[in-house]
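Worksheet for the structure shown next.
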Amino acid sequence: MRVFRVFFCNVSWILVNKMLKKVPLVVILGSTGTGKTKLSLELAKKYGGEIISADSMQVYKGLNIATAKATTAEQQVAPHHLLDVAQPGIPYTVVDFRNSAHPIINDLLGRNKMPIVVGGTNYYIESLLWNVLMAPTSSSASTNQECGVKRKLDNSDSESDDMFHIDTIKRFTTQQMNEMESCDLHKCLQQIDPITANRLHPNNKRKIIRAIEIFNSSGKSMSSLLEEQRSQDGGSNLGGPLRYKNVILFWLQCEQEILNRRLDSRVDSMLENGLLAEIRNFHENFVKPFTDKDYTKGILQTIGFKEFVPYLEKFSRDEDDKILQYTNLKDDKMDIPQGLEILTKCLEELKLVTRRYSKKQSKWVRNRFLGNLSRDVPPLYKLDTTDPSKWQEDVYGRAEDVIEAFIGDRMPKIEPEKRFPGPKEGLNDEVTNFCEVCQRTFVGEFQWKIHLESKKHKRIQIKKAKSDK
């Protein structure tokens, strides 16, 4: 009896393990406006899965309309993770996201539940799927509050203060580095990690600081850590191997002209649904009280907020009410509100930026997931969302078949996208070139090649040659 019980337990353990391996990690990619939220909700409802938002702006509290968060009703369809987990005034990095998302995914897989990652920020998704990120091993670098002095260092100052000595660099705090000039930080990085310094632009202050922090906390250079990742089984020129082997990628695509019209219409709908009141409240609570406003960081860089800053800073809430009343009543006898012209320009700018961003998202997927032959990429299935009337057939039906095929150990009816050599294939992406003609720095042979062939470079070259004569 005991032997039978042991045998039964072993068989059960094998069956459970087999089932666990058959739960796919579903990742939905695509440009904004292609229907990622809709598909994620349908798949979560069908398979009892849970949704993990991979959007760098939706992690922050506030701006629900501007960031197109899942509505309260949508969040009731299936559990959602990593929405509203960060305060607007506190930076939330891709490392924070990865460290939060991995335990959620592992827990879901361990409970035989399907994780469905919905991506608007592709580098967030890369941090989940591949071992590509490096971060300081200690939080001391970012939490140390030693006082820093903001100044630009010339060569004489650096020699007298020994600012570029390794022992001095090791004592830098994040606050001190944020207050230093980017070019000086780049010189510091050259002292401790010349390889990384050579592949980072001198103006890329954020990445330079992170490289210095990694060295100060771990004692190892970022370049040596990156080389360790690349040398792992399954590694590539972009970093380490895949973390999960049960990944299915769905890439939602829409014809660009139709998508542009869809995005323009969505902007109009956002305004009708209360966007102006939302960004006004956010501006007064989280932006106006502070003098240091950097619209390139955190939630302040949200598409759907920063475009309205010219209007928000010039007009008050009273003007908002006048504009809403004017647009709702549509009475020609009413005086045109003073701020309507500026607000209209802000809306047009938002539509333009949104269309550009959608193209950028699509290009990222193509280059990073398909256009790098050295990288181990899970099967990626393209789903066409151009015609809403064919959603059931072209989108949901095909996605369902791919998942069922994965679970049932069979081939799906559609084939994954084919890989191809990208534009950077065979080119060194970790070398810096300085153009003496244009007085500009370029990182990577690909960017250098584009610059040398550009009309602007040739025009300056001809102009300089004439001047020299």
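Labels for the structure tokens follow display order: chains A, B, ..., residues from 1 in each chain, ligands from 1.
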- Near range 92-108 of chain A, within 9 Å and counting only C-alpha atoms, which residues show up once chain neighbours fewer than 2 positions away are dropped, as an NGL selection string? :A and (25 or 49-50 or 52 or 54 or 56 or 59-60 or 81-82 or 86-88 or 90 or 110-116 or 123-125 or 127-128 or 133-135 or 298)
- Query: If we count only C-alpha atoms, what is near range 220-232 of chain A at a cut-off of 12 Å, once residues fewer than 2 positions away on the same chain are taken out, given as a PyMOL selection string?
  - Reply: chain A and resi 130-137+170+189-200+207-218+234-243+374-376+430
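Proximity to Ser358 in chain A was assessed for A:Gln58, A:Gln253, A:Asn178, A:Ser265 counting only C-alpha atoms; the smallest distance is recorded for A:Gln253.
Going from CA of Asp184 in chain A over to CA of Phe446 in chain A, you cover 26.0 Å.
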- Which residues, written as a ChimeraX atom specification, have at least one atom at most 10 Å from Val377 in chain A, with only C-alpha atoms counted and residues fewer than 6 positions away on the same chain left out? /A:129-130,241-242,245,247-249,368-370,419
Restricting it to N, CA and C atoms, dump the selection as a JSON list (two decimals), in the first residue's frame.
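Output file part00.json is given in full below:
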[["chain", "number", "residue", "atom", "x", "y", "z"],
["A", 129, "LEU", "N", 11.49, 39.62, -19.85],
["A", 129, "LEU", "CA", 11.73, 38.40, -20.64],
["A", 129, "LEU", "C", 13.19, 37.99, -20.67],
["A", 130, "TRP", "N", 14.10, 38.96, -20.68],
["A", 130, "TRP", "CA", 15.52, 38.64, -20.80],
["A", 130, "TRP", "C", 16.30, 39.14, -19.58],
["A", 241, "PRO", "N", 20.28, 35.64, -21.41],
["A", 241, "PRO", "CA", 19.30, 34.77, -22.06],
["A", 241, "PRO", "C", 17.87, 35.05, -21.61],
["A", 242, "LEU", "N", 16.95, 34.33, -22.23],
["A", 242, "LEU", "CA", 15.55, 34.38, -21.84],
["A", 242, "LEU", "C", 15.36, 33.85, -20.42],
["A", 245, "LYS", "N", 10.77, 30.09, -20.71],
["A", 245, "LYS", "CA", 10.75, 29.32, -21.97],
["A", 245, "LYS", "C", 9.32, 29.07, -22.47],
["A", 247, "VAL", "N", 6.94, 31.45, -23.29],
["A", 247, "VAL", "CA", 6.41, 32.77, -23.65],
["A", 247, "VAL", "C", 5.75, 32.73, -25.03],
["A", 248, "ILE", "N", 4.59, 33.37, -25.12],
["A", 248, "ILE", "CA", 3.92, 33.60, -26.40],
["A", 248, "ILE", "C", 3.79, 35.11, -26.58],
["A", 249, "LEU", "N", 4.26, 35.62, -27.70],
["A", 249, "LEU", "CA", 4.19, 37.05, -28.00],
["A", 249, "LEU", "C", 3.11, 37.30, -29.04],
["A", 368, "ARG", "N", 13.92, 45.13, -32.17],
["A", 368, "ARG", "CA", 14.43, 44.44, -30.98],
["A", 368, "ARG", "C", 13.98, 43.00, -30.88],
["A", 369, "PHE", "N", 12.80, 42.68, -31.41],
["A", 369, "PHE", "CA", 12.28, 41.33, -31.28],
["A", 369, "PHE", "C", 12.49, 40.50, -32.54],
["A", 370, "LEU", "N", 12.47, 41.14, -33.70],
["A", 370, "LEU", "CA", 12.61, 40.38, -34.94],
["A", 370, "LEU", "C", 13.93, 40.66, -35.66],
["A", 419, "ARG", "N", 12.21, 35.98, -38.59],
["A", 419, "ARG", "CA", 13.29, 36.86, -38.16],
["A", 419, "ARG", "C", 14.06, 37.36, -39.38]]
